[in-house]
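Quick notes on the structure that follows.
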Amino acid sequence: MEQRASTLTTVESSPTQHAMLIIWGHFARAIGLVERLAQVPIAQKTVVRAPSEKVTAFLVGLLAGIEYLSDVSAGAAPIACDGEVALAWQLQPLADASGISRTLQASDERTVQALSDTLDAVGQPFLDRAVRDLRQRGETLLLDADLTGRPVSSTSTTFPEAAFGYMDGEVRLGYQLAEICLQTRLYGRQWLSAQHHPGDTVSVECLGDLIAAAEHRLGCYPRRRPELVQQRLIACEQVIVALEAQLAQTDPRPADQTSRIERLGTQIRDGERRIQELEATPYSPRRDGPYSTLTRLRQQVSGWHDQLARAQTQLAHLQTVGEQRRQRLHEQLTGQRTECQRLHTHYARLCQDNAHLPDPPHCKLRLDAGFVSGENVTLALELGYDLDTKSANPAVVQALRQRVTPDSVWTKVGKNAEMIAWSDYYLNTCPYPLLVGLERFHTPTGELYAVLLRNQTTVPATCPDLVQWFHDYNGRQTIEAGNKEEKTTFKVQHLMTRSAAGIRIQALLTVFAANFVRWADEWIRPRIAHSTRRFETTLTSPKRLVRIAANSPATVDRATEQLLVHFSPLSSFNGVIICLSERPEPSAVLATNDHFLGG
């Protein structure tokens, strides 16, 4: 293989089964990807190939749409046997599946972090340009977050940290991938972060980290809303004052019981002394008869003993209850003081953020129902994001349905969908009012209901255009399409290693590959010397680029001063020529094209 790869540098033309991989290889070199990947540290010695070259080969395999790692060496047209691919990516020779597998097994947390930083650094100029373009247009930065499952066999015991959780509507063993993306004009959907978690992780736990990761990549954030936090601070301080006042109050009942116990003790002692005096006197019917003074006194003292016992029990109960109350108030007061301190810190950080970014963009966050909790909605609003989300709580659906009256007016928002909305709605644990929309869907099995949530941006609140609101939220299908692309095009759900670090590396490379094929488009188009309508259509479809163009036969021609990739007549892009060096003269292109078309 090594001899074959070196020979390719001297021949005038050479065949390849992976035309688009050749083109992407030159693009990867142009943006410094290959050079940067070579610096990723991996605790594995170099024998024939450097360990980092095997990670690059893994990325090349993903760009070829491999379904399993073995496809690198044993597929219908294995990339490990394609010398032109190795040459284009400066990998001579290209690693096989077993070599890649051993490198993934040898990778560790340091490798994962270094690879993540490297991929982010390569993609940052593209992301910065896309964000700058949106901001110059005055458009909203639209972020979508999602959690997608990566299941494994339910009987497997060798996948590290795998756990059972909901994936695609059923309980499966595996992992979750928390992702967030930005919608751009220049490159379409751009993944900002992909965070690997055990399978029992739920969406609501991931939002804060996803927002932080997105803001780090974007280099900007919306105007924070410290005024909202200030409202919570005022309310928190009022609660503290009320709790301190309750602690200062004393319950008079224990003191009353103590006085009663002392009084009863005095009465009992006096009565017992009187009894002793009467018992010391000579016998008389008045002293010993059933109605005698001594008998009545003994009964009275016995009653006082009973009252004393009850008073002591009551006092002990009041003391216990009082101590429990004081303990509860102390805990509440401590909690409120801690929360107040946290809010002060949060308020100061939001003010500092606003001072550091004087010209913040407008940002919107679209979330599915799994991310919704009072705490998450509160955090997102205070961080400055506008929200479009959904509630999966059946109690909320039921509560809103009870608001509907026969006179309520429904607005048609879709083919079988209607909506009605209200303002000033409060979720549990969220102190801020929201707009809430009740959706009603007419289906063959009956009416179905769902709830949309959106933050209020005006005072007094006004309900938005319901048709637009309905379509705005449903626009988050773009991230659902992204998840589908990862699974059907890049096969992210097929875990190609059982190494903890390797699984994370596969996820990082997958989302990078999805961005990479979109960045390459504007680099490729000026280099198209001859095209076809089908190829132009394919350039707009990452799925077709990976599944078809990256696996199309072609000839790499070095006969002229230009390096040309001629798609073969055996491919669906017969006649397409890509110039990977200087753009050739039109006459040279036509002559070369005629030669490969049989002219």
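Here, A, B, ... name the chains of the structure tokens in the order displayed, residue numbers run from 1 inside each chain, and ligands are numbered from 1 in the same displayed order.
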Show which residues sit within 10 Å of Gly61 (chain A), as a PyMOL selection string. Count only C-alpha atoms, and ignore same-chain residues fewer than 3 positions away.
chain A and resi 21+55-58+64-73+78-80+97+490
Set the distance at 10 Å and use only C-alpha atoms: which residues neighbour Val239 (chain A) once local chain neighbours fewer than 6 positions away are removed? I'd like the list as number ranges by chain.
A: 233, 245, 332-333, 336-337
For those residues, write N, CA and C atoms to a file as a tab-separated table (two decimals), in the first residue's frame.
chain	number	residue	atom	x	y	z
A	233	LEU	N	-34.89	39.16	43.57
A	233	LEU	CA	-34.16	39.57	44.76
A	233	LEU	C	-35.06	40.29	45.76
A	245	ALA	N	-39.16	37.75	61.16
A	245	ALA	CA	-40.24	38.20	62.06
A	245	ALA	C	-40.92	37.01	62.72
A	332	GLN	N	-35.52	27.34	56.43
A	332	GLN	CA	-36.07	28.18	55.36
A	332	GLN	C	-35.28	29.49	55.26
A	333	LEU	N	-34.94	30.05	56.41
A	333	LEU	CA	-34.20	31.30	56.41
A	333	LEU	C	-32.81	31.11	55.81
A	336	GLN	N	-33.23	30.70	52.09
A	336	GLN	CA	-33.53	31.97	51.44
A	336	GLN	C	-32.31	32.88	51.39
A	337	ARG	N	-31.53	32.87	52.48
A	337	ARG	CA	-30.31	33.69	52.47
A	337	ARG	C	-29.31	33.17	51.42
Show which residues sit within 12 Å of Gln314 (chain A), as an MDAnalysis selection string. Count only C-alpha atoms, and ignore same-chain residues fewer than 3 positions away.
chainID A and resid 253:258 260:261 307:311 317:322
Which polymer residues have any atom within 10 Å of an atom of Met419 (chain A), counting only C-alpha atoms, with same-chain residues fewer than 4 positions away left out, as a PyMOL selection string?
chain A and resi 409-414+437-441+449-452+466-467+469-470
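Comparing A:Glu447, A:Glu486, A:Asp82, A:Asp108 by their smallest distance to Pro41 (chain A), the closest is A:Asp108 (using only C-alpha atoms).
Residue neighbourhood of region 456-461 of chain A, excluding near-sequence residues (fewer than 2 positions): Ser423, Pro433, Leu434, Leu435, Arg454 and Cys463 of chain A, at 7 Å, using only C-alpha atoms.
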Hey, what does DSSP flag as alpha helix (DSSP H) within region 94-235 of chain A? Can you give it to me as a PyMOL selection string?
chain A and resi 97-106+109-136+207-218+226-235
Run DSSP on the backbone of this structure and report the residues of region 411-597 of chain A it assigns to strand (DSSP E or B), as number ranges by chain.
A: 411-412, 417-425, 434-443, 446-455, 528-530, 554-557, 564-567, 577-579
For the selection you just gave me, I'd like the residues written to a file as a short mmCIF file (atom, residue, chain, number, x, y, z; two decimals), in the first residue's frame, keeping C-alpha atoms.
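File result.cif, as written:
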data_model
loop_
_atom_site.label_atom_id
_atom_site.label_comp_id
_atom_site.auth_asym_id
_atom_site.auth_seq_id
_atom_site.Cartn_x
_atom_site.Cartn_y
_atom_site.Cartn_z
CA THR A 411 -57.76 30.21 15.01
CA LYS A 412 -56.93 27.80 12.19
CA ALA A 417 -54.71 22.36 13.65
CA GLU A 418 -56.27 25.22 15.60
CA MET A 419 -54.95 27.42 18.39
CA ILE A 420 -56.17 29.66 21.14
CA ALA A 421 -53.84 31.69 23.37
CA TRP A 422 -53.67 33.57 26.67
CA SER A 423 -51.14 35.89 28.26
CA ASP A 424 -49.85 36.19 31.84
CA TYR A 425 -49.60 32.45 32.41
CA LEU A 434 -45.60 33.59 29.72
CA LEU A 435 -47.73 33.47 26.62
CA VAL A 436 -49.44 30.11 26.38
CA GLY A 437 -51.16 28.61 23.36
CA LEU A 438 -53.44 25.59 23.39
CA GLU A 439 -53.24 23.57 20.16
CA ARG A 440 -56.08 21.35 19.00
CA PHE A 441 -55.47 18.75 16.31
CA HIS A 442 -58.29 16.98 14.50
CA THR A 443 -57.25 13.39 13.78
CA GLY A 446 -60.24 12.14 17.80
CA GLU A 447 -59.01 15.51 19.02
CA LEU A 448 -55.48 15.84 20.40
CA TYR A 449 -54.17 18.76 22.43
CA ALA A 450 -50.74 20.29 23.03
CA VAL A 451 -49.40 23.45 24.64
CA LEU A 452 -46.94 25.99 23.22
CA LEU A 453 -45.06 28.41 25.48
CA ARG A 454 -43.46 31.72 24.60
CA ASN A 455 -42.07 34.55 26.70
CA ILE A 528 -15.89 23.46 -10.95
CA ALA A 529 -14.51 23.46 -14.47
CA HIS A 530 -17.48 21.59 -15.91
CA ALA A 554 -13.36 9.26 -11.01
CA THR A 555 -9.91 9.83 -12.48
CA VAL A 556 -7.38 12.16 -10.90
CA ASP A 557 -5.53 13.80 -13.80
CA LEU A 564 -8.20 17.74 -12.17
CA VAL A 565 -10.79 15.29 -10.84
CA HIS A 566 -12.88 13.84 -13.70
CA PHE A 567 -16.00 12.00 -12.61
CA ILE A 577 -14.58 18.19 -13.70
CA ILE A 578 -13.18 19.77 -10.55
CA CYS A 579 -9.91 21.71 -10.72
#
Interatomic distance, CA of Ala380 (chain A) to CA of Leu365 (chain A) (Å, one decimal)
8.2 Å
I'd like the contact shell of Arg274 (chain A) - 9 Å cut-off, only C-alpha atoms, skipping same-chain residues fewer than 5 positions apart - returned as number ranges by chain.
A: 269, 279, 294, 297
Pull C-alpha atoms from the residues just selected and write them as a PDB file, in the first residue's frame.
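result-v9.pdb, written as the output of this step:
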ATOM      1  CA  ARG A 269     -47.470  20.461  98.042  1.00  0.00           C
ATOM      2  CA  GLU A 279     -53.721  12.314 109.356  1.00  0.00           C
ATOM      3  CA  LEU A 294     -59.414  14.348 104.392  1.00  0.00           C
ATOM      4  CA  LEU A 297     -58.586  16.621 100.017  1.00  0.00           C
TER       5      LEU A 297
END
Tell me, as number ranges by chain, which residues lie within 9 Å of His362 (chain A), counting only C-alpha atoms; anything in the same chain fewer than 2 positions away does not count.
A: 135, 138-142, 221-223, 360, 364, 384-386
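Nearest to Gly25 (chain A) of all the residues A:Val85, A:Met496, A:Asn515, A:Gln113 is A:Val85, counting only C-alpha atoms.
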Return the single residue from A:Asn393, A:Leu87, A:Cys236, A:Arg263 that is closest to Thr338 (chain A), with distances computed using only C-alpha atoms.
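Of the candidates, the smallest distance to Thr338 (chain A) is held by A:Cys236.
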Nearest residue to Ala50 (chain A) from the set A:Ile503, A:Ile100, A:Ala550, A:Leu115 (distances using only C-alpha atoms):
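Closest to Ala50 (chain A), using only C-alpha atoms: A:Ile100.
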Ranking A:Thr488, A:Thr111, A:Gln562, A:Ser373 by minimum distance to Gly208 (chain A) and counting only C-alpha atoms, which one comes first?
A:Ser373
